[in-house]
$ cat target.txt   # compact mmCIF, C-alpha atoms
# COMPACT_ATOMS: atom_id res chain seq x y z
CA MET A 9 97.89 111.74 106.38
CA ASP A 10 101.44 111.37 105.05
CA LEU A 11 102.01 107.96 103.49
CA TYR A 12 105.09 106.36 102.01
CA VAL A 13 104.80 106.29 98.21
CA ASN A 14 107.22 104.63 95.79
CA VAL A 15 106.96 106.09 92.28
CA ARG A 16 108.79 104.48 89.39
CA GLY A 17 108.80 105.08 85.65
CA SER A 18 106.86 107.44 83.42
CA GLY A 19 103.82 107.26 81.21
CA GLU A 20 100.21 106.57 82.11
CA ALA A 21 99.74 106.39 85.88
CA VAL A 22 99.03 103.04 87.54
CA LEU A 23 98.16 102.98 91.25
CA MET A 24 98.91 99.76 93.13
CA VAL A 25 96.86 99.09 96.30
CA HIS A 26 98.17 96.21 98.41
CA GLY A 27 96.16 93.83 100.57
CA ILE A 28 96.49 92.84 104.22
CA ILE A 29 99.78 92.00 105.98
CA SER A 30 101.64 93.60 103.10
CA ASP A 31 103.04 96.93 101.90
CA ALA A 32 104.28 98.72 98.78
CA SER A 33 107.23 96.33 98.44
CA PHE A 34 104.71 93.64 97.44
CA PHE A 35 104.78 95.23 93.97
CA ASP A 36 108.54 95.77 93.60
CA GLY A 37 109.05 93.04 91.04
CA ALA A 38 106.06 94.02 88.92
CA ALA A 39 106.93 97.72 89.08
CA ASP A 40 110.42 97.00 87.76
CA VAL A 41 108.81 95.38 84.70
CA LEU A 42 106.11 98.02 84.19
CA LYS A 43 108.16 101.17 84.81
CA ASP A 44 109.38 101.39 81.21
CA LYS A 45 105.81 101.96 80.04
CA TYR A 46 103.89 103.28 83.06
CA LYS A 47 104.27 105.58 86.02
CA VAL A 48 103.81 103.02 88.78
CA MET A 49 102.67 104.39 92.15
CA ALA A 50 102.82 101.85 94.98
CA TYR A 51 102.14 103.13 98.46
CA ASP A 52 102.06 101.79 102.01
CA ARG A 53 98.49 101.88 103.26
CA ARG A 54 98.07 103.55 106.65
CA GLY A 55 99.90 101.69 109.39
CA TYR A 56 101.73 99.39 106.98
CA GLY A 57 105.30 99.30 105.72
CA LYS A 58 107.30 102.46 106.31
CA ASN A 59 104.38 104.35 107.85
CA GLU A 60 104.65 104.93 111.57
CA ASP A 61 101.00 105.12 112.64
CA SER A 62 100.37 101.40 113.09
CA ALA A 63 97.30 100.34 115.08
CA ASP A 64 99.10 98.60 117.93
CA ALA A 65 97.57 97.24 121.12
CA GLU A 66 98.25 100.39 123.12
CA LEU A 67 96.45 102.55 120.58
CA ARG A 68 93.49 100.22 120.51
CA SER A 69 93.11 100.12 124.29
CA ALA A 70 93.68 103.87 124.61
CA ALA A 71 90.96 105.04 122.24
CA GLU A 72 88.14 103.07 120.65
CA ASP A 73 87.83 105.57 117.81
CA THR A 74 91.36 104.64 116.72
CA LEU A 75 89.79 101.78 114.80
CA GLN A 76 87.80 104.25 112.74
CA GLN A 77 91.05 105.44 111.18
CA PHE A 78 91.27 102.16 109.27
CA THR A 79 87.88 102.11 107.55
CA VAL A 80 87.65 101.40 103.83
CA ALA A 81 86.22 104.91 103.30
CA ALA A 82 89.20 106.57 105.01
CA GLN A 83 91.64 104.45 103.02
CA ALA A 84 89.88 105.27 99.75
CA GLU A 85 90.58 108.92 100.51
CA ASP A 86 94.24 108.01 101.06
CA ALA A 87 94.35 106.39 97.63
CA ALA A 88 92.69 109.44 96.09
CA ASN A 89 95.28 111.72 97.67
CA VAL A 90 98.12 109.63 96.25
CA ILE A 91 96.68 109.98 92.74
CA LYS A 92 96.15 113.71 93.18
CA MET A 93 99.69 114.21 94.43
CA TYR A 94 101.65 111.99 92.05
CA SER A 95 99.59 111.84 88.85
CA ASP A 96 98.66 114.54 86.36
CA GLY A 97 95.24 112.98 85.87
CA PRO A 98 93.19 109.84 86.50
CA ALA A 99 95.03 106.55 86.96
CA TRP A 100 94.54 102.91 86.22
CA VAL A 101 94.04 101.25 89.61
CA PHE A 102 95.06 97.73 90.59
CA GLY A 103 93.78 96.42 93.92
CA ASN A 104 95.08 93.19 95.41
CA SER A 105 92.65 91.30 97.67
CA ALA A 106 91.47 93.75 100.38
CA GLY A 107 93.15 96.45 98.31
CA GLY A 108 90.50 95.69 95.72
CA LEU A 109 87.76 96.68 98.17
CA ILE A 110 89.52 99.98 98.81
CA SER A 111 89.85 100.45 95.04
CA ILE A 112 86.10 99.91 94.59
CA GLU A 113 85.36 102.56 97.22
CA LEU A 114 87.85 104.86 95.48
CA ALA A 115 86.02 104.46 92.16
CA LEU A 116 82.66 105.11 93.83
CA LYS A 117 83.76 108.21 95.78
CA PHE A 118 86.27 109.67 93.31
CA PRO A 119 85.24 108.48 89.82
CA GLU A 120 87.11 111.35 88.20
CA LEU A 121 90.40 109.86 89.43
CA VAL A 122 89.98 106.33 88.06
CA LYS A 123 90.36 105.26 84.41
CA GLY A 124 89.68 101.62 85.15
CA LEU A 125 89.87 98.99 87.88
CA ILE A 126 91.74 95.69 87.82
CA LEU A 127 91.01 93.71 90.99
CA LEU A 128 92.59 90.44 92.08
CA GLU A 129 90.17 88.33 94.15
CA PRO A 130 88.57 91.18 96.15
CA SER A 131 85.86 88.97 97.73
CA LEU A 132 82.52 90.53 96.81
CA VAL A 133 79.49 88.24 97.19
CA TYR A 134 79.26 85.56 99.90
CA ASP A 135 76.93 82.58 99.86
CA ASP A 136 75.96 80.88 103.13
CA GLU A 137 78.96 78.54 103.13
CA SER A 138 81.38 81.39 102.41
CA VAL A 139 79.87 83.41 105.25
CA ARG A 140 80.33 80.46 107.60
CA LEU A 141 83.98 80.00 106.60
CA ILE A 142 84.94 83.67 106.83
CA GLU A 143 83.19 84.06 110.20
CA GLU A 144 85.03 80.99 111.49
CA TRP A 145 88.33 82.47 110.31
CA ASN A 146 87.53 85.83 111.89
CA ARG A 147 86.74 84.18 115.22
CA GLU A 148 90.09 82.42 115.09
CA LEU A 149 91.93 85.67 114.32
CA ASN A 150 90.09 87.63 117.01
CA GLY A 151 91.04 84.90 119.45
CA TYR A 152 94.71 85.65 118.80
CA VAL A 153 94.02 89.34 119.42
CA GLU A 154 92.25 88.65 122.71
CA SER A 155 95.04 86.34 123.90
CA LYS A 156 97.71 88.77 122.60
CA LYS A 157 99.34 85.95 120.66
CA ILE A 158 99.51 87.76 117.33
CA LYS A 159 102.36 85.73 115.83
CA ARG A 160 100.21 82.61 116.04
CA ALA A 161 97.94 84.13 113.40
CA LEU A 162 100.56 83.76 110.65
CA PRO A 163 99.89 80.05 110.05
CA ALA A 164 96.18 80.88 109.77
CA PHE A 165 96.94 83.22 106.90
CA SER A 166 99.22 80.71 105.20
CA ARG A 167 96.48 78.11 105.47
CA VAL A 168 93.74 80.30 103.99
CA ILE A 169 95.72 82.36 101.47
CA GLY A 170 98.33 79.80 100.39
CA GLY A 171 101.31 80.79 98.28
CA GLU A 172 104.99 80.17 97.81
CA ALA A 173 106.45 82.52 100.42
CA SER A 174 107.71 81.09 103.71
CA ALA A 175 109.48 82.34 106.80
CA GLU A 176 112.59 80.43 105.74
CA LYS A 177 112.90 82.67 102.67
CA MET A 178 112.67 85.92 104.65
CA THR A 179 115.51 88.00 105.98
CA LEU A 180 115.36 89.13 109.59
CA GLU A 181 114.27 92.62 108.48
CA GLN A 182 111.54 91.15 106.29
CA MET A 183 110.30 89.03 109.18
CA LYS A 184 110.17 92.12 111.42
CA GLN A 185 108.25 94.04 108.77
CA THR A 186 105.82 91.17 108.27
CA TYR A 187 105.13 91.10 112.00
CA LYS A 188 104.53 94.86 112.02
CA ASN A 189 102.14 94.53 109.06
CA LEU A 190 100.38 91.63 110.78
CA THR A 191 100.01 93.63 114.00
CA ASN A 192 98.59 96.59 112.06
CA PHE A 193 96.00 94.36 110.43
CA MET A 194 95.01 92.51 113.59
CA TYR A 195 94.55 95.62 115.72
CA GLY A 196 93.37 98.02 113.04
CA GLU A 197 91.78 96.37 110.03
CA LEU A 198 90.60 92.95 111.18
CA ASN A 199 87.14 94.17 112.15
CA GLU A 200 87.01 96.95 109.58
CA VAL A 201 88.35 95.99 106.14
CA GLN A 202 87.84 92.26 106.78
CA HIS A 203 84.10 92.81 107.32
CA TYR A 204 83.54 95.32 104.52
CA ARG A 205 80.91 94.20 102.02
CA PRO A 206 80.25 96.67 99.21
CA ASP A 207 76.59 97.09 98.36
CA ILE A 208 76.27 95.35 95.01
CA GLU A 209 73.56 97.65 93.70
CA THR A 210 75.81 100.62 94.48
CA VAL A 211 78.77 98.88 92.87
CA ARG A 212 76.77 98.51 89.67
CA GLY A 213 77.03 102.28 89.41
CA ILE A 214 80.79 102.28 88.79
CA LYS A 215 81.25 103.94 85.42
CA CYS A 216 84.78 102.89 84.50
CA PRO A 217 85.61 99.44 83.09
CA VAL A 218 86.36 96.75 85.70
CA LYS A 219 88.17 93.43 85.31
CA ILE A 220 88.51 90.71 87.93
CA PHE A 221 91.66 88.58 88.13
CA VAL A 222 91.15 85.07 89.50
CA THR A 223 94.15 82.82 90.10
CA ALA A 224 94.39 79.45 88.38
CA ASP A 225 95.73 77.59 91.41
CA GLY A 226 93.45 79.28 93.92
CA GLN A 227 90.03 78.87 92.36
CA ASP A 228 88.76 76.76 95.24
CA SER A 229 89.64 79.43 97.81
CA ILE A 230 87.05 81.61 99.50
CA PHE A 231 88.65 84.68 97.89
CA ALA A 232 88.26 83.35 94.36
CA LYS A 233 84.74 81.99 94.85
CA THR A 234 83.36 85.21 96.36
CA SER A 235 85.09 87.27 93.67
CA VAL A 236 83.70 85.19 90.82
CA ALA A 237 80.22 85.36 92.38
CA GLY A 238 80.47 89.14 92.60
CA ALA A 239 81.83 89.58 89.09
CA LYS A 240 79.03 87.46 87.63
CA THR A 241 76.41 89.37 89.63
CA VAL A 242 77.62 92.77 88.43
CA GLY A 243 78.63 91.64 84.94
CA TRP A 244 82.37 92.22 85.13
CA ASP A 245 84.81 90.25 83.02
CA ILE A 246 86.79 87.51 84.78
CA ILE A 247 90.40 86.90 83.72
CA GLU A 248 92.35 83.85 84.85
CA VAL A 249 95.94 84.53 85.90
CA PRO A 250 98.60 82.02 87.04
CA GLY A 251 99.49 81.17 90.63
CA ARG A 252 97.66 81.85 93.87
CA HIS A 253 96.28 84.79 95.82
CA ASN A 254 99.66 86.54 96.14
CA MET A 255 100.68 86.02 92.51
CA ALA A 256 101.31 89.74 91.97
CA LYS A 257 104.42 89.26 94.12
CA GLU A 258 105.20 85.59 93.62
CA LYS A 259 104.85 85.69 89.82
CA ALA A 260 105.71 89.33 89.24
CA THR A 261 106.65 89.05 85.56
CA GLU A 262 103.52 87.11 84.63
CA PHE A 263 101.42 89.52 86.66
CA ALA A 264 102.95 92.59 84.99
CA LYS A 265 102.25 91.09 81.56
CA ALA A 266 98.63 90.31 82.45
CA LEU A 267 98.11 93.79 83.90
CA ASP A 268 99.58 95.49 80.84
CA GLU A 269 97.47 93.40 78.44
CA THR A 270 94.34 94.09 80.48
CA ILE A 271 94.94 97.85 80.54
CA GLU A 272 95.41 97.84 76.75
CA GLU A 273 92.13 95.96 76.38
CA MET A 274 90.32 98.33 78.72
CA LYS A 275 91.40 101.38 76.74
CA SER A 276 88.98 100.37 74.01
CA GLU A 277 86.14 100.33 76.55
CA ILE A 278 86.52 103.94 77.70
$ encode --input "target.txt" --output "structure tokens"
Amino acid sequence: MDLYVNVRGSGEAVLMVHGIISDASFFDGAADVLKDKYKVMAYDRRGYGKNEDSADAELRSAAEDTLQQFTVAAQAEDAANVIKMYSDGPAWVFGNSAGGLISIELALKFPELVKGLILLEPSLVYDDESVRLIEEWNRELNGYVESKKIKRALPAFSRVIGGEASAEKMTLEQMKQTYKNLTNFMYGELNEVQHYRPDIETVRGIKCPVKIFVTADGQDSIFAKTSVAGAKTVGWDIIEVPGRHNMAKEKATEFAKALDETIEEMKSEI
């Protein structure tokens, strides 16, 4: 599958894997900071951003197996292909939110391509209350799919994810792109990536170093709590970073600094 890839800078390769309702542009600010030291590879996951194969309503109703194109396993292969095509060797991999789950699958299936993983709130281990909350959220989102009122899902994301971005700050083109990304998630990934739970015993087998970023202002969120629970279960280091769940975009300079410092620390662990 051909995917849009934005490559900037030179040096050690860093692959950026975005989360839901997003695309490669999520990392523009951070890439501009990191490009003087690293070769930053940010790509649009299938259906997102500049890619044309979005999982719209017509595709979903036309063929049930269309949804299988958006599995975490299929997207891990996409990430592997980006590294193979644009890097001379293994890469450091940063996964934001759901992109962290894809990054974990990448490290499990293609360990030879990953030097280390840095994951921001990937949601790993759910207690009973977290299960209840995420299932309630999923029912709400699926309700918008069934009623074909996709745009009404945006406030649900703002409520759960939080952050500084708002529709008032977006250009018309950005709003159109956000709606396309939202549609891709709702019809393609909602009941695939959103329900993916990596087997923790399998995850223990990841050989490369792994660090978990947890945001200072979002520690009460379901994303942070399930990520901390998973990190503690597996024994991964937890690093506090500023901001909320989308801090890699909203606080790009601080994020780039934290990522660079973490990569330097991880080099001693290889």
$ atom_distance --input "target.txt" --atom1 "atom CA of Val201 of chain A" --atom2 "atom CA of Gly107 of chain A"
9.2 Å
$ closest_atom_pairs --input "target.txt" --of "segment 184-255 of chain A" --to "segment 112-126 of chain A" --cutoff "6 Å" --atoms "all atoms listed in the file" --output "tab-separated table"
residue	atom	partner	partner_atom	distance
A:Cys216	CA	A:Gly124	CA	5.1
A:Pro217	CA	A:Gly124	CA	5.1
A:Val218	CA	A:Leu125	CA	4.7
A:Lys219	CA	A:Ile126	CA	4.9
A:Ile220	CA	A:Ile126	CA	5.9
$ closest_atom_pairs --input "target.txt" --of "segment 163-265 of chain A" --to "segment 25-33 of chain A" --cutoff "7 Å" --atoms "all atoms listed in the file" --output "Markdown table"
| residue | atom | partner | partner_atom | distance |
| --- | --- | --- | --- | --- |
| A:Thr186 | CA | A:Ile29 | CA | 6.5 |
| A:Asn189 | CA | A:Ile29 | CA | 4.6 |
| A:Leu190 | CA | A:Ile29 | CA | 4.9 |
| A:Phe193 | CA | A:Ile29 | CA | 6.3 |
$ closest_residue --input "target.txt" --among "A:Ala239, A:Met183, A:Ile246, A:Ile230" --to "Asp135 of chain A" --atoms "all atoms listed in the file"
A:Ile230
$ closest_residue --input "target.txt" --among "A:Ala87, A:Val41, A:Ala82, A:Ala164" --to "Glu200 of chain A" --atoms "only C-alpha atoms"
A:Ala82
$ atom_distance --input "target.txt" --atom1 "atom CA of Ser166 of chain A" --atom2 "atom CA of Leu267 of chain A"
25.0 Å
$ atom_distance --input "target.txt" --atom1 "atom CA of Ala224 of chain A" --atom2 "atom CA of Glu248 of chain A"
6.0 Å
$ residues_around --input "target.txt" --residues "segment 250-256 of chain A" --least-positions-apart "5" --cutoff "8 Å" --atoms "only C-alpha atoms" --output "list in words"
Phe34, Phe35, Ala38, Asn104, Ser105, Leu128, Glu129, Ile169, Gly170, Gly171, Thr223, Ala224, Asp225, Gly226, Phe231, Glu262, Phe263 and Ala264 of chain A
$ write_last_selection --input "target.txt" --atoms "C-alpha atoms" --output "PDB file, in the coordinates of the input"
ATOM      1  CA  PHE A  34     104.710  93.640  97.440  1.00  0.00           C
ATOM      2  CA  PHE A  35     104.780  95.230  93.970  1.00  0.00           C
ATOM      3  CA  ALA A  38     106.060  94.020  88.920  1.00  0.00           C
ATOM      4  CA  ASN A 104      95.080  93.190  95.410  1.00  0.00           C
ATOM      5  CA  SER A 105      92.650  91.300  97.670  1.00  0.00           C
ATOM      6  CA  LEU A 128      92.590  90.440  92.080  1.00  0.00           C
ATOM      7  CA  GLU A 129      90.170  88.330  94.150  1.00  0.00           C
ATOM      8  CA  ILE A 169      95.720  82.360 101.470  1.00  0.00           C
ATOM      9  CA  GLY A 170      98.330  79.800 100.390  1.00  0.00           C
ATOM     10  CA  GLY A 171     101.310  80.790  98.280  1.00  0.00           C
ATOM     11  CA  THR A 223      94.150  82.820  90.100  1.00  0.00           C
ATOM     12  CA  ALA A 224      94.390  79.450  88.380  1.00  0.00           C
ATOM     13  CA  ASP A 225      95.730  77.590  91.410  1.00  0.00           C
ATOM     14  CA  GLY A 226      93.450  79.280  93.920  1.00  0.00           C
ATOM     15  CA  PHE A 231      88.650  84.680  97.890  1.00  0.00           C
ATOM     16  CA  GLU A 262     103.520  87.110  84.630  1.00  0.00           C
ATOM     17  CA  PHE A 263     101.420  89.520  86.660  1.00  0.00           C
ATOM     18  CA  ALA A 264     102.950  92.590  84.990  1.00  0.00           C
TER      19      ALA A 264
END
$ residues_near_point --input "target.txt" --point "(95.9, 110.1, 87.3)" --cutoff "10 Å" --atoms "only C-alpha atoms" --output "ChimeraX atom specification"
/A:20-23,47,88,90-101,120-123
$ closest_residue --input "target.txt" --among "A:Asp44, A:Leu11, A:Met49, A:Gln185" --to "Glu85 of chain A" --atoms "all atoms listed in the file"
A:Leu11
$ closest_residue --input "target.txt" --among "A:Lys177, A:Arg147, A:Arg53, A:Lys45" --to "Asn14 of chain A" --atoms "only C-alpha atoms"
A:Arg53
